[in-house]
>>> print(open('start-v3.cif').read())   # mmCIF, C-alpha atoms, pLDDT in the B column; chains and numbers go by the auth columns
data_start
loop_
_atom_site.group_PDB
_atom_site.id
_atom_site.type_symbol
_atom_site.label_atom_id
_atom_site.label_comp_id
_atom_site.label_asym_id
_atom_site.label_seq_id
_atom_site.Cartn_x
_atom_site.Cartn_y
_atom_site.Cartn_z
_atom_site.B_iso_or_equiv
_atom_site.auth_seq_id
_atom_site.auth_asym_id
ATOM 1 C CA MET A 1 -208.970 -79.214 -71.020 47.00 6 P
ATOM 2 C CA LYS A 2 -209.935 -76.330 -73.260 47.00 7 P
ATOM 3 C CA LYS A 3 -211.764 -77.103 -76.497 44.00 8 P
ATOM 4 C CA TRP A 4 -209.206 -75.265 -78.627 42.00 9 P
ATOM 5 C CA MET A 5 -206.553 -77.684 -77.323 44.00 10 P
ATOM 6 C CA VAL A 6 -208.678 -80.787 -77.985 43.00 11 P
ATOM 7 C CA LEU A 7 -209.248 -80.125 -81.698 43.00 12 P
ATOM 8 C CA PRO A 8 -205.562 -79.977 -82.738 46.00 13 P
ATOM 9 C CA SER A 9 -204.881 -83.138 -80.730 44.00 14 P
ATOM 10 C CA ILE A 10 -207.672 -85.000 -82.532 39.00 15 P
ATOM 11 C CA MET A 11 -206.396 -83.822 -85.914 40.00 16 P
ATOM 12 C CA LEU A 12 -202.851 -84.912 -85.042 40.00 17 P
ATOM 13 C CA LEU A 13 -204.008 -88.387 -83.974 40.00 18 P
ATOM 14 C CA ALA A 14 -206.111 -88.746 -87.119 40.00 19 P
ATOM 15 C CA GLY A 15 -203.144 -87.787 -89.272 40.00 20 P
ATOM 16 C CA MET A 16 -200.894 -90.283 -87.485 40.00 21 P
ATOM 17 C CA ALA A 17 -203.496 -93.028 -87.901 37.00 22 P
ATOM 18 C CA ALA A 18 -203.845 -92.296 -91.617 38.00 23 P
ATOM 19 C CA ALA A 19 -200.073 -92.411 -92.061 39.00 24 P
ATOM 20 C CA GLN A 20 -199.841 -95.717 -90.191 40.00 25 P
ATOM 21 C CA THR A 21 -202.688 -97.401 -92.077 41.00 26 P
ATOM 22 C CA SER A 22 -201.715 -96.142 -95.538 70.00 27 P
ATOM 23 C CA GLN A 23 -200.894 -99.206 -97.649 84.00 28 P
ATOM 24 C CA PRO A 24 -197.629 -98.870 -99.614 92.00 29 P
ATOM 25 C CA VAL A 25 -197.263 -99.601 -103.310 94.00 30 P
ATOM 26 C CA PRO A 26 -195.473 -102.982 -103.218 95.00 31 P
ATOM 27 C CA THR A 27 -191.954 -103.800 -104.353 97.00 32 P
ATOM 28 C CA GLY A 28 -191.813 -104.948 -107.971 97.00 33 P
ATOM 29 C CA THR A 29 -194.592 -102.637 -109.160 97.00 34 P
ATOM 30 C CA ALA A 30 -193.904 -101.248 -112.642 97.00 35 P
ATOM 31 C CA LEU A 31 -194.144 -97.512 -113.278 98.00 36 P
ATOM 32 C CA MET A 32 -194.623 -96.374 -116.870 98.00 37 P
ATOM 33 C CA VAL A 33 -192.912 -93.029 -117.289 98.00 38 P
ATOM 34 C CA LYS A 34 -192.502 -90.759 -120.325 98.00 39 P
ATOM 35 C CA LEU A 35 -189.124 -89.026 -120.288 98.00 40 P
ATOM 36 C CA GLU A 36 -189.342 -85.233 -120.511 98.00 41 P
ATOM 37 C CA THR A 37 -185.579 -84.645 -120.621 97.00 42 P
ATOM 38 C CA THR A 38 -183.297 -85.722 -123.460 97.00 43 P
ATOM 39 C CA LEU A 39 -180.237 -87.537 -122.106 97.00 44 P
ATOM 40 C CA ALA A 40 -177.161 -88.272 -124.240 96.00 45 P
ATOM 41 C CA THR A 41 -173.646 -89.545 -123.600 95.00 46 P
ATOM 42 C CA PHE A 42 -172.149 -86.643 -125.548 93.00 47 P
ATOM 43 C CA SER A 43 -173.953 -83.870 -123.671 95.00 48 P
ATOM 44 C CA ASN A 44 -174.715 -85.094 -120.146 97.00 49 P
ATOM 45 C CA LYS A 45 -172.570 -85.769 -117.109 97.00 50 P
ATOM 46 C CA VAL A 46 -173.019 -87.593 -113.826 97.00 51 P
ATOM 47 C CA GLY A 47 -175.300 -85.632 -111.524 97.00 52 P
ATOM 48 C CA ASP A 48 -177.427 -84.025 -114.232 98.00 53 P
ATOM 49 C CA PRO A 49 -181.158 -84.056 -113.396 98.00 54 P
ATOM 50 C CA PHE A 50 -183.872 -85.692 -115.441 98.00 55 P
ATOM 51 C CA ARG A 51 -187.649 -85.541 -115.301 98.00 56 P
ATOM 52 C CA GLY A 52 -190.524 -87.685 -116.553 98.00 57 P
ATOM 53 C CA SER A 53 -194.256 -88.098 -116.099 98.00 58 P
ATOM 54 C CA VAL A 54 -196.274 -91.176 -115.161 98.00 59 P
ATOM 55 C CA THR A 55 -198.384 -92.267 -118.156 98.00 60 P
ATOM 56 C CA HIS A 56 -200.468 -95.025 -116.535 97.00 61 P
ATOM 57 C CA PRO A 57 -202.009 -94.745 -113.052 96.00 62 P
ATOM 58 C CA VAL A 58 -200.851 -97.215 -110.423 95.00 63 P
ATOM 59 C CA MET A 59 -203.886 -98.886 -108.900 93.00 64 P
ATOM 60 C CA LEU A 60 -204.106 -100.308 -105.397 89.00 65 P
ATOM 61 C CA ASN A 61 -207.327 -101.883 -104.118 87.00 66 P
ATOM 62 C CA GLY A 62 -209.227 -100.268 -106.963 89.00 67 P
ATOM 63 C CA LYS A 63 -207.854 -96.800 -106.211 90.00 68 P
ATOM 64 C CA ALA A 64 -205.327 -94.797 -108.235 91.00 69 P
ATOM 65 C CA VAL A 65 -202.672 -94.190 -105.571 91.00 70 P
ATOM 66 C CA LEU A 66 -200.248 -92.835 -108.160 94.00 71 P
ATOM 67 C CA PRO A 67 -202.181 -91.000 -110.877 95.00 72 P
ATOM 68 C CA ALA A 68 -201.161 -90.428 -114.470 97.00 73 P
ATOM 69 C CA GLY A 69 -199.405 -87.083 -114.673 97.00 74 P
ATOM 70 C CA ALA A 70 -197.405 -87.548 -111.480 97.00 75 P
ATOM 71 C CA ILE A 71 -193.827 -86.371 -111.962 98.00 76 P
ATOM 72 C CA VAL A 72 -190.727 -88.543 -111.508 98.00 77 P
ATOM 73 C CA GLU A 73 -187.422 -86.812 -110.886 98.00 78 P
ATOM 74 C CA GLY A 74 -183.917 -88.208 -110.620 98.00 79 P
ATOM 75 C CA ARG A 75 -180.318 -87.807 -111.743 98.00 80 P
ATOM 76 C CA VAL A 76 -177.789 -89.312 -114.105 98.00 81 P
ATOM 77 C CA THR A 77 -175.424 -91.747 -112.382 97.00 82 P
ATOM 78 C CA LYS A 78 -173.298 -93.018 -115.280 96.00 83 P
ATOM 79 C CA VAL A 79 -172.206 -91.728 -118.679 96.00 84 P
ATOM 80 C CA SER A 80 -169.911 -93.830 -120.838 92.00 85 P
ATOM 81 C CA GLU A 81 -169.066 -93.253 -124.491 87.00 86 P
ATOM 82 C CA PRO A 82 -166.219 -95.679 -125.287 78.00 87 P
ATOM 83 C CA ARG A 83 -164.602 -96.252 -128.631 65.00 88 P
ATOM 84 C CA ARG A 84 -166.488 -98.838 -130.663 58.00 89 P
ATOM 85 C CA ILE A 85 -164.004 -101.604 -129.884 54.00 90 P
ATOM 86 C CA SER A 86 -164.469 -101.029 -126.136 56.00 91 P
ATOM 87 C CA GLY A 87 -168.178 -101.719 -125.828 79.00 92 P
ATOM 88 C CA LYS A 88 -171.540 -100.021 -125.973 89.00 93 P
ATOM 89 C CA PRO A 89 -172.247 -96.457 -124.791 94.00 94 P
ATOM 90 C CA THR A 90 -174.096 -96.340 -121.493 95.00 95 P
ATOM 91 C CA ILE A 91 -176.418 -94.022 -119.580 97.00 96 P
ATOM 92 C CA GLY A 92 -177.304 -94.783 -115.958 97.00 97 P
ATOM 93 C CA ILE A 93 -180.192 -93.014 -114.219 97.00 98 P
ATOM 94 C CA LEU A 94 -181.431 -92.999 -110.634 97.00 99 P
ATOM 95 C CA PRO A 95 -185.106 -92.150 -109.982 97.00 100 P
ATOM 96 C CA GLU A 96 -185.241 -90.354 -106.631 97.00 101 P
ATOM 97 C CA ALA A 97 -188.675 -88.805 -106.091 97.00 102 P
ATOM 98 C CA VAL A 98 -192.255 -88.847 -107.305 97.00 103 P
ATOM 99 C CA ILE A 99 -194.390 -85.703 -107.111 97.00 104 P
ATOM 100 C CA LEU A 100 -198.175 -85.918 -107.061 95.00 105 P
ATOM 101 C CA PRO A 101 -200.378 -83.341 -108.820 94.00 106 P
ATOM 102 C CA SER A 102 -201.208 -82.029 -105.329 92.00 107 P
ATOM 103 C CA GLY A 103 -197.541 -81.130 -104.856 94.00 108 P
ATOM 104 C CA GLU A 104 -196.710 -83.880 -102.337 94.00 109 P
ATOM 105 C CA ARG A 105 -193.255 -85.286 -102.953 96.00 110 P
ATOM 106 C CA TYR A 106 -192.291 -88.853 -101.979 96.00 111 P
ATOM 107 C CA PHE A 107 -189.026 -90.773 -101.903 96.00 112 P
ATOM 108 C CA LEU A 108 -188.724 -93.194 -104.821 97.00 113 P
ATOM 109 C CA ASP A 109 -186.381 -96.192 -105.028 97.00 114 P
ATOM 110 C CA ALA A 110 -186.733 -97.723 -108.485 98.00 115 P
ATOM 111 C CA THR A 111 -184.622 -99.165 -111.296 98.00 116 P
ATOM 112 C CA LEU A 112 -184.928 -98.782 -115.046 98.00 117 P
ATOM 113 C CA ILE A 113 -185.790 -102.168 -116.576 97.00 118 P
ATOM 114 C CA ASP A 114 -186.893 -101.339 -120.128 97.00 119 P
ATOM 115 C CA THR A 115 -187.435 -98.612 -122.745 97.00 120 P
ATOM 116 C CA ASN A 116 -189.075 -98.341 -126.141 95.00 121 P
ATOM 117 C CA ALA A 117 -185.973 -96.709 -127.661 92.00 122 P
ATOM 118 C CA GLY A 118 -185.385 -99.648 -130.039 87.00 123 P
ATOM 119 C CA ASP A 119 -182.616 -99.586 -132.705 82.00 124 P
ATOM 120 C CA GLY A 120 -180.482 -102.195 -130.980 86.00 125 P
ATOM 121 C CA THR A 121 -180.601 -100.527 -127.565 92.00 126 P
ATOM 122 C CA ASP A 122 -181.002 -102.469 -124.335 93.00 127 P
ATOM 123 C CA VAL A 123 -181.167 -102.185 -120.541 96.00 128 P
ATOM 124 C CA ASN A 124 -178.770 -104.378 -118.567 94.00 129 P
ATOM 125 C CA GLU A 125 -179.286 -106.045 -115.187 92.00 130 P
ATOM 126 C CA GLU A 126 -177.926 -102.984 -113.389 93.00 131 P
ATOM 127 C CA GLY A 127 -180.571 -100.758 -114.941 95.00 132 P
ATOM 128 C CA HIS A 128 -178.154 -99.041 -117.323 96.00 133 P
ATOM 129 C CA PHE A 129 -179.374 -98.018 -120.759 96.00 134 P
ATOM 130 C CA LYS A 130 -177.091 -99.405 -123.474 94.00 135 P
ATOM 131 C CA GLY A 131 -176.868 -97.759 -126.894 90.00 136 P
ATOM 132 C CA SER A 132 -176.515 -99.709 -130.113 80.00 137 P
ATOM 133 C CA GLY A 133 -173.180 -101.247 -131.073 63.00 138 P
ATOM 134 C CA HIS A 134 -171.910 -102.392 -134.465 52.00 139 P
ATOM 135 C CA ASP A 135 -174.784 -101.890 -136.940 48.00 140 P
ATOM 136 C CA ARG A 136 -175.463 -102.030 -140.677 46.00 141 P
ATOM 137 C CA ARG A 137 -174.153 -98.497 -141.151 47.00 142 P
ATOM 138 C CA ASP A 138 -170.787 -99.633 -139.796 45.00 143 P
ATOM 139 C CA GLN A 139 -170.808 -102.643 -142.122 46.00 144 P
ATOM 140 C CA LEU A 140 -171.459 -100.409 -145.117 46.00 145 P
ATOM 141 C CA GLU A 141 -168.722 -98.061 -143.986 46.00 146 P
ATOM 142 C CA THR A 142 -166.085 -100.775 -143.603 42.00 147 P
ATOM 143 C CA GLY A 143 -167.254 -102.552 -146.753 48.00 148 P
ATOM 144 C CA GLY A 144 -167.095 -99.318 -148.715 49.00 149 P
ATOM 145 C CA GLY A 145 -163.550 -98.726 -147.553 47.00 150 P
ATOM 146 C CA ALA A 146 -162.429 -102.160 -148.698 44.00 151 P
ATOM 147 C CA ALA A 147 -164.175 -101.772 -152.059 47.00 152 P
ATOM 148 C CA GLY A 148 -162.595 -98.375 -152.608 46.00 153 P
ATOM 149 C CA GLY A 149 -159.163 -99.763 -151.870 46.00 154 P
ATOM 150 C CA MET A 150 -159.699 -102.655 -154.279 47.00 155 P
ATOM 151 C CA LEU A 151 -160.751 -100.272 -157.054 45.00 156 P
ATOM 152 C CA ILE A 152 -157.687 -98.075 -156.638 44.00 157 P
ATOM 153 C CA GLY A 153 -155.392 -101.097 -156.314 50.00 158 P
ATOM 154 C CA GLY A 154 -156.848 -102.636 -159.486 50.00 159 P
ATOM 155 C CA LEU A 155 -156.308 -99.490 -161.488 50.00 160 P
ATOM 156 C CA ILE A 156 -152.701 -99.284 -160.375 51.00 161 P
ATOM 157 C CA GLY A 157 -151.524 -102.884 -160.287 56.00 162 P
ATOM 158 C CA GLY A 158 -154.027 -105.190 -161.904 54.00 163 P
ATOM 159 C CA GLY A 159 -154.986 -108.431 -160.132 54.00 164 P
ATOM 160 C CA PRO A 160 -152.427 -108.308 -157.286 54.00 165 P
ATOM 161 C CA GLY A 161 -153.235 -104.645 -156.836 52.00 166 P
ATOM 162 C CA VAL A 162 -156.858 -105.506 -156.236 47.00 167 P
ATOM 163 C CA LEU A 163 -155.946 -107.750 -153.296 48.00 168 P
ATOM 164 C CA ILE A 164 -153.397 -105.323 -151.864 48.00 169 P
ATOM 165 C CA GLY A 165 -155.682 -102.340 -152.353 50.00 170 P
ATOM 166 C CA GLY A 166 -158.542 -104.168 -150.696 48.00 171 P
ATOM 167 C CA ALA A 167 -156.411 -105.040 -147.682 48.00 172 P
ATOM 168 C CA VAL A 168 -155.096 -101.482 -147.358 48.00 173 P
ATOM 169 C CA GLY A 169 -158.568 -100.014 -147.770 49.00 174 P
ATOM 170 C CA ALA A 170 -160.073 -102.358 -145.212 47.00 175 P
ATOM 171 C CA THR A 171 -157.255 -101.688 -142.731 51.00 176 P
ATOM 172 C CA SER A 172 -157.457 -97.904 -142.979 48.00 177 P
ATOM 173 C CA THR A 173 -161.254 -97.976 -142.717 43.00 178 P
ATOM 174 C CA THR A 174 -161.117 -100.299 -139.714 44.00 179 P
ATOM 175 C CA VAL A 175 -158.667 -97.989 -137.954 46.00 180 P
ATOM 176 C CA HIS A 176 -160.981 -95.069 -138.702 42.00 181 P
ATOM 177 C CA TRP A 177 -164.000 -97.055 -137.489 38.00 182 P
ATOM 178 C CA LEU A 178 -162.310 -98.089 -134.253 44.00 183 P
ATOM 179 C CA SER A 179 -161.309 -94.496 -133.510 45.00 184 P
ATOM 180 C CA LYS A 180 -164.921 -93.290 -133.642 57.00 185 P
ATOM 181 C CA HIS A 181 -167.260 -93.163 -130.660 60.00 186 P
ATOM 182 C CA ARG A 182 -170.794 -94.497 -130.502 82.00 187 P
ATOM 183 C CA SER A 183 -173.297 -92.334 -128.618 89.00 188 P
ATOM 184 C CA ALA A 184 -176.336 -93.375 -126.595 93.00 189 P
ATOM 185 C CA ILE A 185 -179.387 -91.120 -126.567 94.00 190 P
ATOM 186 C CA LEU A 186 -182.557 -91.290 -124.493 96.00 191 P
ATOM 187 C CA ARG A 187 -184.762 -88.773 -126.239 96.00 192 P
ATOM 188 C CA SER A 188 -187.539 -86.775 -124.638 97.00 193 P
ATOM 189 C CA GLY A 189 -190.734 -88.750 -125.142 97.00 194 P
ATOM 190 C CA THR A 190 -189.075 -92.142 -124.662 97.00 195 P
ATOM 191 C CA GLU A 191 -191.193 -94.537 -122.592 98.00 196 P
ATOM 192 C CA LEU A 192 -189.319 -95.826 -119.549 98.00 197 P
ATOM 193 C CA THR A 193 -190.392 -98.794 -117.452 98.00 198 P
ATOM 194 C CA LEU A 194 -189.269 -98.458 -113.828 98.00 199 P
ATOM 195 C CA GLU A 195 -189.566 -101.175 -111.186 98.00 200 P
ATOM 196 C CA LEU A 196 -189.859 -100.407 -107.482 97.00 201 P
ATOM 197 C CA ASN A 197 -186.941 -101.742 -105.413 97.00 202 P
ATOM 198 C CA ARG A 198 -188.785 -101.107 -102.163 96.00 203 P
ATOM 199 C CA PRO A 199 -192.378 -100.246 -101.229 95.00 204 P
ATOM 200 C CA LEU A 200 -193.474 -96.743 -102.167 94.00 205 P
ATOM 201 C CA MET A 201 -194.962 -95.220 -99.043 89.00 206 P
ATOM 202 C CA MET A 202 -197.747 -92.857 -100.041 81.00 207 P
ATOM 203 C CA SER A 203 -198.282 -91.336 -96.606 73.00 208 P
ATOM 204 C CA ASN A 204 -197.697 -87.966 -94.968 61.00 209 P
ATOM 205 C CA ALA A 205 -194.897 -89.527 -92.964 50.00 210 P
ATOM 206 C CA GLN A 206 -192.897 -90.004 -96.174 59.00 211 P
ATOM 207 C CA VAL A 207 -193.392 -86.552 -97.698 62.00 212 P
ATOM 208 C CA LEU A 208 -190.060 -85.064 -98.729 63.00 213 P
ATOM 209 C CA THR A 209 -189.500 -81.419 -97.951 57.00 214 P
ATOM 210 C CA PRO A 210 -187.762 -79.530 -100.776 58.00 215 P
ATOM 211 C CA ALA A 211 -184.426 -77.984 -99.810 51.00 216 P
ATOM 212 C CA PRO A 212 -184.768 -74.301 -98.864 52.00 217 P
ATOM 213 C CA SER A 213 -183.794 -71.813 -101.562 50.00 218 P
ATOM 214 C CA THR A 214 -180.488 -70.065 -101.056 49.00 219 P
ATOM 215 C CA GLY A 215 -181.284 -67.306 -103.534 49.00 220 P
ATOM 216 C CA GLN A 216 -181.511 -63.723 -102.388 46.00 221 P
#
>>> encode(input="start-v3.cif", output="structure tokens")
Amino acid sequence: MKKWMVLPSIMLLAGMAAAQTSQPVPTGTALMVKLETTLATFSNKVGDPFRGSVTHPVMLNGKAVLPAGAIVEGRVTKVSEPRRISGKPTIGILPEAVILPSGERYFLDATLIDTNAGDGTDVNEEGHFKGSGHDRRDQLETGGGAAGGMLIGGLIGGGPGVLIGGAVGATSTTVHWLSKHRSAILRSGTELTLELNRPLMMSNAQVLTPAPSTGQ
């Protein structure tokens, strides 16, 4: 066999061995990711892309297999902005790939489990980000409406007018409140905690090839 045929064969076998012996990042591992795309129920739709960067390296056997600065990409899977009486606004995201600083791109199956968004927000068991619901601002709004109605009613009809005005003011404000929508926003810079649903294979066998460009 010619030497120039032996060398590629050795390299191929070495690459296959490395891919087979590469230890995956186990299921349940947490990835800390800083969102680089602002997502909002009033401006995004299902299918929109998002992007974030890993803020803490993922260590395996003392080695950073997923370094800080690696990029996470995915898409929006759910956008819901119901009226206040119908529930909380919701944003669903699906992480799909992680890209190393070297440019290698790997398939990622992970679920959002937490954020640092605060202000009454939450993440449910399905990994959906839930915006805040009825808050103090709403209480002040409805309370102000009732108080305004009582003041007008008192000026017009004395004691009974106060009660009637308060009821009318509260009713009209409640109708106005129920007709409004509550938005959910995941701002750029928000810290996301993702959890792996399946092992992350950091081997050449799992490298994703970007789709070819169709541009001229």
>>> closest_residue(input="start-v3.cif", among="P:Ala122, P:Leu205, P:Ala75, P:Ala115", to="Ser193 (chain P)", atoms="all atoms listed in the file")
P:Ala122
>>> resolve_selection(input="start-v3.cif", expression="the PyMOL selection byres ((chain P and resi 91-101) around 10)", output="count of residues only")
58
>>> atom_distance(input="start-v3.cif", atom1="CA of Thr34 (chain P)", atom2="CA of Val70 (chain P)")
12.2 Å
>>> atom_distance(input="start-v3.cif", atom1="CA of Ile118 (chain P)", atom2="CA of Glu196 (chain P)")
11.1 Å
>>> axis_aligned_box(input="start-v3.cif", around="region 58-77 of chain P", padding_each_side="3 Å", output="JSON")
{"center_x": -200.0, "center_y": -94.1, "center_z": -111.1, "size_x": 24.5, "size_y": 21.5, "size_z": 20.0}
>>> atom_distance(input="start-v3.cif", atom1="CA of Arg192 (chain P)", atom2="CA of Pro62 (chain P)")
22.5 Å
>>> closest_residue(input="start-v3.cif", among="P:Gly33, P:Met207, P:Met64, P:Gly125", to="Ile104 (chain P)", atoms="only C-alpha atoms")
P:Met207
>>> closest_residue(input="start-v3.cif", among="P:Ser58, P:Leu71, P:Val30, P:Arg203", to="Glu109 (chain P)", atoms="all atoms listed in the file")
P:Leu71
>>> residues_around(input="start-v3.cif", residues="Leu36 (chain P)", least_positions_apart="5", cutoff="7 Å", atoms="only C-alpha atoms", output="NGL selection string")
:P and (59 or 198-200)
>>> resolve_selection(input="start-v3.cif", expression="the PyMOL selection byres ((chain P and resi 29) around 9)", output="PyMOL selection string")
chain P and resi 27-28+30-32+65+204-208
>>> closest_residue(input="start-v3.cif", among="P:Thr120, P:Ser48, P:Thr60, P:Ala35", to="Ile76 (chain P)", atoms="only C-alpha atoms")
P:Thr60
